[in-house]
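Notes to accompany the following structure.
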Amino acid sequence: MAAQTPALADSADLAAGIGMTRNIGIMAHIDAGKTTTTERVLFYTGSSHYIGEVHDGAAHTDFDAEEQRRGITIYSVATTCFWKPGEPEAHTAESGAHRINLIDTPGHVDFTIEVERSLRVLDGAIAVFDAVAGVEAQSETVWRQAERYGVPRICFVNKLDRVGATLGRTVEMMGERLGAHPIVVMLPVGFEGEFEAVVDLVTMELVSWPQAEDEQDKGRTFERTPLSADHEIYTQAAAARETMLEALAEVDDQLMEVFLSDAVDSLRELSPQSIADIRAGLRRATLSLRGFPVLCGSALKNRGIQPLLDAVVHYLPSPLDMPPVEAVLTTGSKAGELVTRKPDPTEPLLALAFKVVQDSHRGPVVMFRVYSGVLRVKDQILNVARDKKERINKLLLVRANKTEEIEQIGPGNIAAAVGLRFTVTGDTLILSKDKQLVVLPGMQIPDPVIFRSVEAKSAGDQKDLDQALARIQLEDPSFTVYEDPDSGQMLMAGQGELHLEVIVNKLERDYRVKARVGKPQVAYRETIGGPAQVEFEYDREVGNKRAYAKLTVELEPRERGAGNSVENALPATEETLKLPKELLAAALEGIGDSLSRGPLLGYPVVDVRARLLAVTYIEGDSSVASFRAAATMGTNKAIETAGARLLEPLMSVEVVGPEEFIGNVHTDLNTRRGRVLGLGPRGNAQVVQANVPLAEMVGYATSLRSVTQGRASHSMQFAAYSEVPVDLQQQIITKVRGY
């Protein structure tokens with residue numbers, strides 16, 4: 001069972017540990033080797049006693065039954081380990097090792113919310129790339145997510161033991177497809193089946209993993225030896241080191257000054273000072289997001305992980321290296337202003353909940369990041385977003401599928417809390433006694449693109465189904481459940497077929513609820529084809545009392561993806577200046593309500609600018625209800641006048657397969673209304689990139705296996721909403737409506 005941490009550390013101890021902390025994530029495209037890398041990290045840092053392989057269903061961080069069955073990561077999992085460069089047996093804070101809070105994230109696009117919320121609370125990341133495939137579709141997605149949150153990254157080119165593996169082409173793709181400035185700090189010795197070691201270009205040392213007598217060693221033993229001048233790779237390594245220094249000088253002003261001065265020769269030397277200067281420059285480049293150190297290895301063959309851990313400590317930031325976090329004041333005369341909080345135990349508590357896990361024994365377990373202050377067991381806290389007081393019953397240090405009870409958690413660290421009943425993903429937590437109420441920015445939750453109907457198999461199961469779906473929504477904010485107002489059906493919506501399939505399995509396996517589930521349906525959107533202006537008068541008799549409102553609404557289309565804008569464009573006339581505020585608010589609210597449900601299929605109307613141009617009201621006859629009704633009906637009429645259009649989700653699809661089947665792939669994509677954007681080689685395979693409507697991609701995996709004899713793979717991610725061709729719009733409407 002969980003062990004109790006003995007004594008509470010004081011503020012000085014907590015402050016001292018902040019600079020020794022690294023909060024990092026491992027991110028990549030599916031099958032690039034994230035979980036395999038994580039398993040070696042846990043083993044070499046002493047956090048686990050064996051290496052669990054993904055293909056055996058035994059990975060520590062893929063402990064969910066669905067993950068083990070599919071051999072992929074579905075849920076982001078946090079764990080804690082310790083590492084000290086130069087002393088690989090130092091596995092505790094007391095031994096001077098750095099504490100690494102690590103999150104293994106999924107690579108499948110359907111579970112991108114797991115990456116999103118992890119990056120929101122992390123300070124740094126390891127981007128893993130497949131040395132054969134290079135930069136893949138989801139690699140670009142997670143890279144952009146990290147860019148959005150300003151997360152410094154180091155890169156690990158994995159799978160150098162595979163046929164077709166190269167380091168150079170993957171590095172080129174980082175520049176071309178990611179717009180990154182890669183700085184290669186490690187060189188492989190041999191490729192494919194001959195890959196045996198790496199050269200650390202900073203120290204010019206050969207890092208090798210000799211065959212150990214102990215079968216359980218599994219790469220734990222490694223050696224660092226100076227690279228001799230007569231080694232076959234020395235000349236190549238010396239040239240690569242010079243290239244590394246030039247690439248670093250391009251993005252680091254301090255080293256650029258040295259590089260252009262007479263002192264450059266001292267930088268090229270292998271003295272402790274020059275090595276320290278180069279590492280300092282790499283750290284500055286990484287933290288400023290101007291450069292990204294590139295390492296390499298093969299996680300499956302147990303090569304390259306220890307230098308990667310060294311790089312985490314040397315180059316990725318501690319919480320002290322990050323800018324003070326900004327929060328928004330929510331009350332008082334200064335509401336809306338920004339305040340900053342430093343990672344200091346003496347500052348007021350500020351924490352962000354980033355994940356909720358439903359535990360059958362403990363109830364909701366909330367994972368959070370502490371940005372400032374200290375949180376202790378039994379503390380009473382305030383959930384600022386929901387204005388709810390909560391109490392911390394237990395604090396847990398998470399180690400994958402195991403936990404350890406702790407008494408407190410300080411700034412810059414990640415932990416979990418038991419006892420929080422109201423807190424969900426994105427909520428800000430402070431101590432309830434704090435007078436200054438602040439809230440942290442949340443995170444971007446992707447809109448669902450696909451849905452399925454779901455209903456209980458019997459009336460007696462309905463309550464259990466409702467409760468199970470509610471709990472799953474708490475865990476996964478990218479999954480939503482709602483009732484179709486037309487059919488009365490309950491619909492569940494998510495990020496893709498796999499996402500919803502996993503949830504259906506979760507209902508049966510974890511919650512023992514059997515449900516009838518409909519076929520996947522696409523989540524369309526609606527918009528308008530052109531501008532329209534409508535004057536609408538609402539004049540009714542309601543309960544022997546007149547209800548009156550008259551207004552003019554103008555609609556015009558906006559750029560695709562721009563969202564909606566509802567504007568008050570009333571002229572400053574004597575009548576409009578006298579208009580009661582509650583009537584104006586009701587009119588604008590009615591316009592917004594109308595845009596939430598379109599006339600074609602009832603999907604939200606998007607990318608529309610709506611302007612309220614004129615109003616007429618009669619004192620005593622006009623009310624909030626009449627104005628809201630007039631605005632809703634008038635906007636509905638304006639949408640029809642402007643020409644309602646159906647939008648469908650367009651997916652960016654990447655297919656990788658042997659050249660002899662690419663013609664079949666191309667033809668198949670064309671029959672799915674796909675638009676092929678590019679075709680090119682990747683190793684010994686060919687890659688087809690295309691944009692295809694999601695409606696045409698349902699069941700694509702089966703079709704792809706058929707046309708390529710099972711030798712091709714594909715990935716896809718949401719690209720944008722695109723207008724459905726006019727000749728197909730009515731067909732889709734008839735099909736969805738069923739008449």
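Residues are named by chain letter and number: chains run A, B, ... in the order of the structure tokens, numbers start at 1 in each chain, and ligands are numbered from 1 in the order shown.
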Which residues of stretch 601-692 of chain A come within 12 Å of stretch 162-186 of chain A, and for each one, what is the closest pair of atoms and their distance in Å to one decimal, counting only C-alpha atoms, sorted by chain and residue number, as a Markdown table?
| residue | atom | partner | partner_atom | distance |
| --- | --- | --- | --- | --- |
| A:Pro681 | CA | A:Arg169 | CA | 11.3 |
| A:Arg682 | CA | A:Gly164 | CA | 9.0 |
| A:Gly683 | CA | A:Gly164 | CA | 5.4 |
| A:Asn684 | CA | A:Gly164 | CA | 6.6 |
| A:Ala685 | CA | A:Gly164 | CA | 9.4 |
Serialized selection, all heavy atoms, as an mmCIF file, in the first residue's frame:
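Done, and the output landed in result36.cif:
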data_model
loop_
_atom_site.group_PDB
_atom_site.id
_atom_site.type_symbol
_atom_site.label_atom_id
_atom_site.label_comp_id
_atom_site.auth_asym_id
_atom_site.auth_seq_id
_atom_site.Cartn_x
_atom_site.Cartn_y
_atom_site.Cartn_z
ATOM 1 N N PRO A 681 8.686 10.138 -51.633
ATOM 2 C CA PRO A 681 9.303 8.985 -50.971
ATOM 3 C C PRO A 681 9.537 9.250 -49.487
ATOM 4 O O PRO A 681 9.722 10.390 -49.064
ATOM 5 C CB PRO A 681 10.632 8.840 -51.715
ATOM 6 C CG PRO A 681 10.959 10.237 -52.159
ATOM 7 C CD PRO A 681 9.655 10.897 -52.453
ATOM 8 N N ARG A 682 9.521 8.198 -48.718
ATOM 9 C CA ARG A 682 9.927 8.242 -47.320
ATOM 10 C C ARG A 682 10.608 6.915 -47.032
ATOM 11 O O ARG A 682 9.950 5.894 -46.838
ATOM 12 C CB ARG A 682 8.746 8.462 -46.380
ATOM 13 C CG ARG A 682 9.150 8.510 -44.910
ATOM 14 C CD ARG A 682 7.970 8.821 -44.012
ATOM 15 N NE ARG A 682 7.443 10.153 -44.263
ATOM 16 C CZ ARG A 682 6.312 10.621 -43.712
ATOM 17 N NH1 ARG A 682 5.596 9.832 -42.932
ATOM 18 N NH2 ARG A 682 5.908 11.825 -43.970
ATOM 19 N N GLY A 683 11.922 6.937 -47.014
ATOM 20 C CA GLY A 683 12.659 5.682 -46.877
ATOM 21 C C GLY A 683 12.399 4.814 -48.098
ATOM 22 O O GLY A 683 12.521 5.247 -49.237
ATOM 23 N N ASN A 684 12.000 3.571 -47.838
ATOM 24 C CA ASN A 684 11.705 2.665 -48.951
ATOM 25 C C ASN A 684 10.210 2.602 -49.245
ATOM 26 O O ASN A 684 9.729 1.682 -49.889
ATOM 27 C CB ASN A 684 12.242 1.259 -48.650
ATOM 28 C CG ASN A 684 11.707 0.721 -47.332
ATOM 29 O OD1 ASN A 684 10.915 1.398 -46.675
ATOM 30 N ND2 ASN A 684 12.136 -0.463 -46.951
ATOM 31 N N ALA A 685 9.466 3.572 -48.759
ATOM 32 C CA ALA A 685 8.013 3.627 -48.976
ATOM 33 C C ALA A 685 7.640 4.931 -49.672
ATOM 34 O O ALA A 685 8.476 5.810 -49.885
ATOM 35 C CB ALA A 685 7.281 3.501 -47.650
#
If you run DSSP on the backbone, which residues of stretch 136-286 of chain A are strand (DSSP E), as a PyMOL selection string? chain A and resi 153-158+182-184+186-189+197-200+205-208+223-226
Can you tell me how far atom CA of A:Leu437 sits from atom CA of A:Glu337, in Å to one decimal? 11.4 Å
Excluding stretch 630-644 of chain A and its own-chain neighbours fewer than 6 positions away, which residues fall within 6 Å of it when counting only C-alpha atoms? Please give them as a PDB file with C-alpha atoms, in the first residue's frame.
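Full text of around11.pdb as output:
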ATOM      1  CA  THR A 527     -23.060  28.702 -42.456  1.00  0.00           C
ATOM      2  CA  ILE A 528     -24.470  31.245 -44.907  1.00  0.00           C
ATOM      3  CA  GLY A 529     -23.763  31.690 -48.599  1.00  0.00           C
ATOM      4  CA  GLY A 530     -23.934  35.481 -48.728  1.00  0.00           C
ATOM      5  CA  PRO A 531     -25.129  38.626 -46.935  1.00  0.00           C
ATOM      6  CA  ALA A 532     -28.737  39.264 -45.917  1.00  0.00           C
ATOM      7  CA  VAL A 534     -34.084  41.206 -42.522  1.00  0.00           C
ATOM      8  CA  PHE A 536     -38.725  41.310 -38.366  1.00  0.00           C
ATOM      9  CA  TYR A 538     -42.996  40.230 -33.430  1.00  0.00           C
ATOM     10  CA  ALA A 587     -31.942  40.802 -28.550  1.00  0.00           C
ATOM     11  CA  GLY A 590     -31.596  35.773 -29.173  1.00  0.00           C
ATOM     12  CA  ILE A 591     -29.299  36.251 -32.173  1.00  0.00           C
ATOM     13  CA  SER A 594     -30.386  31.285 -33.305  1.00  0.00           C
TER      14      SER A 594
END
Helix (DSSP H, G or I) residues, from DSSP on the backbone, in stretch 363-497 of chain A, as JSON, numbers by chain: {"A": [459, 460, 461, 462, 463, 464, 465, 466, 467, 468, 469, 470, 471, 472, 473, 474, 475, 497]}
As a VMD selection string, please: the residues near A:Pro348 (cut-off 12 Å, only C-alpha atoms, same-chain neighbours under 6 positions excluded). chain A and resid 339 to 342 370 to 375 381 410 to 411 429 to 438
Output N, CA, C and O atoms for every residue in the selection just made, as a short mmCIF file (atom, residue, chain, number, x, y, z; two decimals), in the first residue's frame.
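Result file follows (out_24.cif):
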data_model
loop_
_atom_site.label_atom_id
_atom_site.label_comp_id
_atom_site.auth_asym_id
_atom_site.auth_seq_id
_atom_site.Cartn_x
_atom_site.Cartn_y
_atom_site.Cartn_z
N VAL A 339 -2.09 39.33 -12.72
CA VAL A 339 -1.12 39.28 -11.63
C VAL A 339 -0.16 38.13 -11.93
O VAL A 339 -0.53 37.16 -12.60
N THR A 340 1.07 38.24 -11.48
CA THR A 340 2.06 37.19 -11.73
C THR A 340 2.37 36.47 -10.43
O THR A 340 2.35 37.05 -9.35
N ARG A 341 2.64 35.19 -10.56
CA ARG A 341 3.02 34.37 -9.40
C ARG A 341 4.30 33.61 -9.75
O ARG A 341 4.38 32.95 -10.79
N LYS A 342 5.27 33.70 -8.86
CA LYS A 342 6.54 33.01 -9.06
C LYS A 342 6.49 31.64 -8.39
O LYS A 342 5.72 31.43 -7.45
N VAL A 370 1.19 22.64 -9.32
CA VAL A 370 1.31 23.77 -8.39
C VAL A 370 2.25 24.80 -9.00
O VAL A 370 3.40 24.47 -9.31
N TYR A 371 1.78 26.03 -9.18
CA TYR A 371 2.62 27.08 -9.74
C TYR A 371 3.27 27.94 -8.66
O TYR A 371 4.37 28.46 -8.85
N SER A 372 2.57 28.13 -7.54
CA SER A 372 3.15 28.89 -6.44
C SER A 372 2.51 28.43 -5.13
O SER A 372 1.43 27.84 -5.13
N GLY A 373 3.21 28.69 -4.03
CA GLY A 373 2.67 28.30 -2.73
C GLY A 373 2.84 26.82 -2.45
O GLY A 373 3.50 26.09 -3.21
N VAL A 374 2.22 26.38 -1.36
CA VAL A 374 2.32 24.98 -0.92
C VAL A 374 0.92 24.47 -0.61
O VAL A 374 0.11 25.17 0.01
N LEU A 375 0.62 23.26 -1.05
CA LEU A 375 -0.66 22.62 -0.76
C LEU A 375 -0.42 21.45 0.19
O LEU A 375 0.47 20.63 -0.05
N ILE A 381 -9.55 24.37 0.09
CA ILE A 381 -9.22 25.17 -1.08
C ILE A 381 -10.49 25.68 -1.75
O ILE A 381 -11.59 25.21 -1.47
N GLY A 410 4.97 21.23 -3.19
CA GLY A 410 5.40 22.61 -3.36
C GLY A 410 5.34 23.07 -4.79
O GLY A 410 4.96 22.33 -5.71
N PRO A 411 5.77 24.31 -5.04
CA PRO A 411 5.67 24.91 -6.38
C PRO A 411 6.54 24.19 -7.39
O PRO A 411 7.61 23.67 -7.08
N LEU A 429 -7.19 26.41 -8.67
CA LEU A 429 -7.34 26.12 -7.25
C LEU A 429 -6.46 27.07 -6.43
O LEU A 429 -5.28 27.26 -6.75
N ILE A 430 -7.05 27.66 -5.38
CA ILE A 430 -6.30 28.49 -4.44
C ILE A 430 -6.74 28.10 -3.03
O ILE A 430 -7.71 27.35 -2.86
N LEU A 431 -6.06 28.59 -2.01
CA LEU A 431 -6.52 28.34 -0.64
C LEU A 431 -7.76 29.18 -0.39
O LEU A 431 -7.83 30.35 -0.80
N SER A 432 -8.75 28.61 0.29
CA SER A 432 -10.01 29.32 0.50
C SER A 432 -9.84 30.57 1.37
O SER A 432 -10.66 31.48 1.31
N LYS A 433 -8.77 30.61 2.15
CA LYS A 433 -8.55 31.78 3.02
C LYS A 433 -7.91 32.96 2.27
O LYS A 433 -7.87 34.07 2.79
N ASP A 434 -7.39 32.70 1.06
CA ASP A 434 -6.75 33.78 0.30
C ASP A 434 -7.80 34.82 -0.13
O ASP A 434 -8.88 34.46 -0.62
N LYS A 435 -7.45 36.08 0.01
CA LYS A 435 -8.39 37.15 -0.31
C LYS A 435 -8.38 37.50 -1.80
O LYS A 435 -9.37 37.98 -2.35
N GLN A 436 -7.25 37.26 -2.45
CA GLN A 436 -7.13 37.62 -3.87
C GLN A 436 -7.57 36.44 -4.73
O GLN A 436 -6.90 35.41 -4.79
N LEU A 437 -8.71 36.58 -5.40
CA LEU A 437 -9.23 35.51 -6.25
C LEU A 437 -8.68 35.69 -7.66
O LEU A 437 -8.90 36.71 -8.30
N VAL A 438 -7.97 34.66 -8.14
CA VAL A 438 -7.38 34.71 -9.47
C VAL A 438 -7.70 33.43 -10.21
O VAL A 438 -7.97 32.39 -9.60
#
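If you count only C-alpha atoms and ignore residues fewer than 3 places along the chain from A:Lys84, what sits within 12 Å of it is Met20, Thr21, Tyr44, Thr45, Gly46, Cys81, Glu87, Pro88, Glu89, Ala90, His91, Thr92, Ala93, Glu94, Ser95, Gly96, Ala97, His98, Arg99, Ile100, Gln306, Pro307, Leu308, Leu309, Asp310, Ala311, Val312, Val313 and His314 of chain A.
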Point-to-point distance from atom CA of A:Ala237 to atom CA of A:Glu257, Å rounded to tenths: 23.9 Å
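Residues in contact with A:Glu483 at up to 10 Å, not including ones fewer than 5 positions away on its chain and judged by only C-alpha atoms, are Ser453, Gly488, Gln489, Met490, Leu491 and Met492 of chain A.
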Give me, as a Markdown table, the closest atom pair and its distance (Å, one decimal) for every residue of stretch 404-469 of chain A within a cut-off of 8 Å of stretch 513-519 of chain A, counting only C-alpha atoms, rows sorted by chain and rising number.
| residue | atom | partner | partner_atom | distance |
| --- | --- | --- | --- | --- |
| A:Arg452 | CA | A:Gly518 | CA | 5.3 |
| A:Ser453 | CA | A:Gly518 | CA | 4.8 |
| A:Val454 | CA | A:Val517 | CA | 4.5 |
| A:Glu455 | CA | A:Arg516 | CA | 5.3 |
| A:Ala456 | CA | A:Ala515 | CA | 4.7 |
| A:Lys457 | CA | A:Ala515 | CA | 5.3 |
| A:Asp461 | CA | A:Val513 | CA | 7.1 |
| A:Asp464 | CA | A:Val513 | CA | 6.7 |
| A:Leu465 | CA | A:Val513 | CA | 6.2 |
| A:Ala468 | CA | A:Val513 | CA | 7.9 |
Neighbour list for stretch 22-29 of chain A as a list in words, cut-off 7 Å, only C-alpha atoms, skip fewer than 2 positions in-chain: Met20, Asp31, Ala32, Lys34, Arg99, Ile100, Asn101, Leu102, Ile103, Asp104, Thr105, Gly107, His108, Leu122, Asp123, Gly124, Ala125, Ile126, Ala127, Val128, Phe129, Glu136, Ala137, Gln138, Ser139, Val142, Pro317 and Ser318 of chain A
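Put simply, atom CA of A:Pro441 is 17.8 Å away from atom CA of A:Val366.
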